[in-house]
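In what follows, a structure is listed as structure tokens, so that the remarks can point back to it.
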Amino acid sequence: MDEKERFELLVAPEIGDGVYTHVKKMEDSNPLDFDLEIKEIPHLESGIELLNNGLCDLLAVSANWWYENRTNNLSASIVMPRREPTCVLVSEDKPEYLPSKGIVIACKEIARRQMIRARPDVSVQLPHEYGKCPSTDIEMVNWLENLRTEGKIDGYIIPRPLYSTISHRTRRHTLGLQRDNPVRFRFVPLPLEGYTVLLSRTDFPTHKFAPIIDQGAALSMRLEIMMLDSIPEEMHDRVAIFVEQRKVSTVLTEAEKAGDELARKGMINPLTGEIDGPTRIHAIIELLNKSGTTTASVERVFPPEESHSAILTVINNWNSLLQIMQEETIDGEKRGRMKELMDTYLAELIESGSFNEENIGSPMMSDF
């Protein structure tokens with residue numbers, strides 16, 4: 001009898017990024033037709049050393065860790081199905097029902113600004129602004145939960161994986177895109193959230209891991225990295241980015257519910273008049289000012305085969321919008337620059353068949 005192939009995967013203890021839990025769940029289901037031995041290591045640095053020296057086959061990391069530690073001699077081609085990337089509000093109340101003048105702690109700057117945008121009457125602070133915050137994420141969450149149970153704060157916002165580290169279950173509310181309920185407050189996820197990557201050496205036979213590779217998640221991660229690379233590092237904590245591959249039928253159903261005729265028309269190939277392909281890429285990027293009163297956002301849906309050029313367009317449009325919004329101009333000039341940008345943008349929509357030229361000038365909102 002032939003001996004089964006065997007590979008060794010290293011994983012560090014849970015630090016609040018969800019990677020350890022994700023890998024252990026994959027081990028329990030084990031969809032692979034060979035032996036995969038999963039070993040725990042004390043920290044990722046030792047895992048990288050073992051991987052580089054050929055003493056293991058794979059190392060599990062988060063996309064955020066990989067982004068900060070990318071190297072040419074390792075490959076990130078094995079991307080597992082994406083976990084829910086949204087943050088959660090741990091509180092007795094939903095964002096809409098938080099008490100006025102209440103206190104909410106947000107673990108990330110972009111989440112702080114999004115909550116201020118939703119509830120400007122609530123005091124939203126970063127952990128270090130409120131008090132002496134523990135140094136590790138897991139210790140910080142337990143500190144925040146103690147503050148909440150003692151009634152010193154009304155809630156706190158953390159990435160979803162961190163919520164699972166709380167020793168006991170508490171009420172939590174998803175801060176998401178609210179596609180099914182657009183009247184609720186919208187929270188675009190943090191960049192590169194929810195991805196588990198299995199790093200390997202560049203000559204590793206990654207095709208053997210096809211059953212656990214999510215090609216849609218792998219493409220979305222690459223596009224999010226591409227977008228983040230185009231943004232100055234000092235702005236990273238203020239930017240929300242989300243890229244997802246979605247079924248055409250799902251996008252059409254949501255557009256129909258929302259009465260979004262433009263979204264439906266944007267799915268149609270202008271040459272054939274048909275909807276081509278089963279999936280689309282949905283990309284969003286937004287930046288908020290410190291007070292949460294102004295948002296620079298670009299959103300686009302496009303076929304996967306156009307992903308590279310479409311993401312470049314999203315980035316260029318967002319940079320142009322941001323440039324205009326930051327300009328100091330004399331009265332009337334900024335309005336002219338914004339009109340010029342919108343004219344260019346509308347021309348692109350018309351050329352692609354995403355917008356009917358006859359509708360220019362029609363009201364975008366019937367009542368307000």
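Each chain in the structure tokens gets a letter, A, B and so on, in the order shown; residues start at 1 in every chain, and ligands are counted from 1 in the order they appear.
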
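Near A:Tyr67, within a cut-off of 10 Å and counting only C-alpha atoms, sit the residues Ser62, Ala63, Asn64, Arg70, Thr71, Leu192, Ile225, Leu228 and Asp229 of chain A, with same-chain residues fewer than 3 positions away left out.
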
For the selection you just gave me, I'd like the residues written to a file as an mmCIF file, in the first residue's frame, keeping C-alpha atoms.
data_model
loop_
_atom_site.group_PDB
_atom_site.id
_atom_site.type_symbol
_atom_site.label_atom_id
_atom_site.label_comp_id
_atom_site.auth_asym_id
_atom_site.auth_seq_id
_atom_site.Cartn_x
_atom_site.Cartn_y
_atom_site.Cartn_z
ATOM 1 C CA SER A 62 -3.526 36.824 8.516
ATOM 2 C CA ALA A 63 -3.600 39.001 5.395
ATOM 3 C CA ASN A 64 -2.707 42.026 7.522
ATOM 4 C CA ARG A 70 5.818 40.488 2.529
ATOM 5 C CA THR A 71 8.909 38.860 1.091
ATOM 6 C CA LEU A 192 -7.675 43.017 4.616
ATOM 7 C CA ILE A 225 -3.536 44.858 -1.243
ATOM 8 C CA LEU A 228 -3.780 49.729 0.037
ATOM 9 C CA ASP A 229 -0.408 49.953 -1.738
#

*In stretch 89-327 of chain A, what's alpha helix (DSSP H) per DSSP? Answer as a PyMOL selection string?*
chain A and resi 109-118+127-130+137-149+160-163+215-229+248-258+261-265+307-326

*Would you please work out which residue, of A:Ala76, A:Leu198, A:Val88, A:Val122, is nearest to A:His22 when using only C-alpha atoms?*
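Result for the nearest residue to A:His22: A:Leu198.
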
*Determine, counting only C-alpha atoms, which protein, DNA and RNA residues have an atom within 12 Å of an atom of A:Asn316; residues of the same chain fewer than 4 positions away are not included. Present the result as a PyMOL selection string.*
chain A and resi 227+230-231+285+297-298+309-312+320-323+341+345

Hey, can you spit out that residue selection with N, CA and C atoms as a PDB file, in the first residue's frame?
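Just written: selection.pdb:
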ATOM      1  N   MET A 227      -4.984  48.155  -3.682  1.00  0.00           N
ATOM      2  CA  MET A 227      -5.573  49.433  -3.300  1.00  0.00           C
ATOM      3  C   MET A 227      -4.806  50.046  -2.133  1.00  0.00           C
ATOM      4  N   SER A 230      -1.577  51.717  -2.926  1.00  0.00           N
ATOM      5  CA  SER A 230      -1.677  52.993  -3.641  1.00  0.00           C
ATOM      6  C   SER A 230      -1.934  54.170  -2.701  1.00  0.00           C
ATOM      7  N   ILE A 231      -2.126  53.870  -1.417  1.00  0.00           N
ATOM      8  CA  ILE A 231      -2.476  54.899  -0.431  1.00  0.00           C
ATOM      9  C   ILE A 231      -1.277  55.165   0.470  1.00  0.00           C
ATOM     10  N   ILE A 285     -14.034  51.841  -1.500  1.00  0.00           N
ATOM     11  CA  ILE A 285     -12.997  52.500  -0.714  1.00  0.00           C
ATOM     12  C   ILE A 285     -13.569  53.805  -0.190  1.00  0.00           C
ATOM     13  N   SER A 297     -15.648  58.687  -1.051  1.00  0.00           N
ATOM     14  CA  SER A 297     -15.917  57.267  -1.301  1.00  0.00           C
ATOM     15  C   SER A 297     -16.107  56.993  -2.789  1.00  0.00           C
ATOM     16  N   VAL A 298     -15.583  55.855  -3.229  1.00  0.00           N
ATOM     17  CA  VAL A 298     -15.810  55.376  -4.598  1.00  0.00           C
ATOM     18  C   VAL A 298     -16.201  53.907  -4.506  1.00  0.00           C
ATOM     19  N   SER A 309      -7.782  46.470 -14.386  1.00  0.00           N
ATOM     20  CA  SER A 309      -8.046  47.804 -14.928  1.00  0.00           C
ATOM     21  C   SER A 309      -9.132  48.520 -14.130  1.00  0.00           C
ATOM     22  N   ALA A 310     -10.133  47.766 -13.663  1.00  0.00           N
ATOM     23  CA  ALA A 310     -11.230  48.384 -12.904  1.00  0.00           C
ATOM     24  C   ALA A 310     -10.740  48.914 -11.558  1.00  0.00           C
ATOM     25  N   ILE A 311      -9.877  48.160 -10.896  1.00  0.00           N
ATOM     26  CA  ILE A 311      -9.347  48.629  -9.606  1.00  0.00           C
ATOM     27  C   ILE A 311      -8.475  49.859  -9.810  1.00  0.00           C
ATOM     28  N   LEU A 312      -7.712  49.894 -10.906  1.00  0.00           N
ATOM     29  CA  LEU A 312      -6.930  51.092 -11.206  1.00  0.00           C
ATOM     30  C   LEU A 312      -7.844  52.300 -11.396  1.00  0.00           C
ATOM     31  N   SER A 320      -8.537  61.364  -7.396  1.00  0.00           N
ATOM     32  CA  SER A 320      -8.992  62.631  -7.977  1.00  0.00           C
ATOM     33  C   SER A 320     -10.013  63.306  -7.072  1.00  0.00           C
ATOM     34  N   LEU A 321     -10.939  62.508  -6.552  1.00  0.00           N
ATOM     35  CA  LEU A 321     -11.958  63.042  -5.647  1.00  0.00           C
ATOM     36  C   LEU A 321     -11.305  63.614  -4.392  1.00  0.00           C
ATOM     37  N   LEU A 322     -10.360  62.873  -3.848  1.00  0.00           N
ATOM     38  CA  LEU A 322      -9.680  63.313  -2.631  1.00  0.00           C
ATOM     39  C   LEU A 322      -8.903  64.597  -2.863  1.00  0.00           C
ATOM     40  N   GLN A 323      -8.273  64.692  -4.017  1.00  0.00           N
ATOM     41  CA  GLN A 323      -7.498  65.894  -4.349  1.00  0.00           C
ATOM     42  C   GLN A 323      -8.394  67.126  -4.399  1.00  0.00           C
ATOM     43  N   LEU A 341     -15.020  66.872 -12.696  1.00  0.00           N
ATOM     44  CA  LEU A 341     -14.817  65.479 -12.328  1.00  0.00           C
ATOM     45  C   LEU A 341     -16.069  64.659 -12.594  1.00  0.00           C
ATOM     46  N   TYR A 345     -16.691  61.486 -15.066  1.00  0.00           N
ATOM     47  CA  TYR A 345     -17.204  60.228 -14.517  1.00  0.00           C
ATOM     48  C   TYR A 345     -18.472  59.790 -15.262  1.00  0.00           C
TER      49      TYR A 345
END

*So how far away is atom CA of A:Lys39 from atom CA of A:Arg222, in Å?*
27.3 Å

*Counting only C-alpha atoms, which of A:Arg179, A:Arg186, A:His43, A:Arg171 gets nearest to A:Ala240?*
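Comparing A:Arg179, A:Arg186, A:His43, A:Arg171 against A:Ala240, the winner is A:Arg186.
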
*Out of A:Gly277, A:Val301, A:Val23, A:Val104, which residue has the shortest atom-to-atom distance to A:Arg264 when counting only C-alpha atoms?*
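When distances to A:Arg264 are compared using only C-alpha atoms, the smallest one comes from A:Val301.
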
*Nearest to A:Ile153, chosen from A:Ser91, A:Gln245, A:Ser307, A:Asn319, with only C-alpha atoms counted in the distances*: A:Ser91

DSSP on the backbone, strand (DSSP E) only: what residues of stretch 194-279 of chain A does that give? Format it as a PDB file with C-alpha atoms, in the first residue's frame.
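Result file follows (selection_32.pdb):
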ATOM      1  CA  THR A 196      -6.419  33.422   6.425  1.00  0.00           C
ATOM      2  CA  VAL A 197      -3.345  32.836   4.263  1.00  0.00           C
ATOM      3  CA  LEU A 198      -1.181  29.705   4.195  1.00  0.00           C
ATOM      4  CA  LEU A 199       2.329  30.826   3.309  1.00  0.00           C
ATOM      5  CA  SER A 200       4.650  28.465   1.461  1.00  0.00           C
ATOM      6  CA  ARG A 201       7.957  28.551  -0.364  1.00  0.00           C
ATOM      7  CA  VAL A 239      -9.343  54.220   5.159  1.00  0.00           C
ATOM      8  CA  ALA A 240     -11.968  51.485   4.841  1.00  0.00           C
ATOM      9  CA  ILE A 241     -11.574  49.046   1.933  1.00  0.00           C
ATOM     10  CA  PHE A 242     -13.738  46.116   0.902  1.00  0.00           C
ATOM     11  CA  VAL A 243     -13.521  43.894  -2.179  1.00  0.00           C
ATOM     12  CA  GLU A 244     -15.733  40.853  -2.668  1.00  0.00           C
ATOM     13  CA  GLN A 245     -16.619  38.475  -5.495  1.00  0.00           C
ATOM     14  CA  ARG A 246     -20.384  38.025  -5.612  1.00  0.00           C
ATOM     15  CA  LYS A 247     -22.941  36.118  -7.660  1.00  0.00           C
ATOM     16  CA  THR A 279     -19.991  36.684 -10.860  1.00  0.00           C
TER      17      THR A 279
END

*Got a sec: who's within 10 Å of A:Cys87, counting only C-alpha atoms, leaving out chain neighbours fewer than 5 positions off, as a count of residues only?*
21

*Expressed in Å to a single decimal, how great is the separation between atom CA of A:Arg117 and atom CA of A:Asn146?*
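Those two atoms sit 26.3 Å apart.
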
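Nearest to A:Glu49 of all the residues A:Leu74, A:Pro232, A:Glu145, A:Asp214 is A:Leu74, based on only C-alpha atoms.
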
*State, in Å with one decimal place, the distance from atom CA of A:Leu219 to atom CA of A:Met80.*
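A separation of 11.5 Å between them.
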
Skip A:Ala218 itself and residues of its chain fewer than 3 positions away, then list as a PDB file with C-alpha atoms, in the first residue's frame all residues within 6 Å of it, counting only C-alpha atoms.
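Wrote it out as result-v3.pdb, contents follow:
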ATOM      1  CA  VAL A  79      -6.107  31.724   0.642  1.00  0.00           C
ATOM      2  CA  GLN A 215     -10.145  31.716  -5.663  1.00  0.00           C
ATOM      3  CA  MET A 221      -7.241  39.937  -1.183  1.00  0.00           C
TER       4      MET A 221
END

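The environment of A:Thr206 within 8 Å, counting only C-alpha atoms and disregarding residues fewer than 2 places along the same chain, consists of Ser77, Ile78, Phe204, Lys208, Phe209 and Ala210 of chain A.
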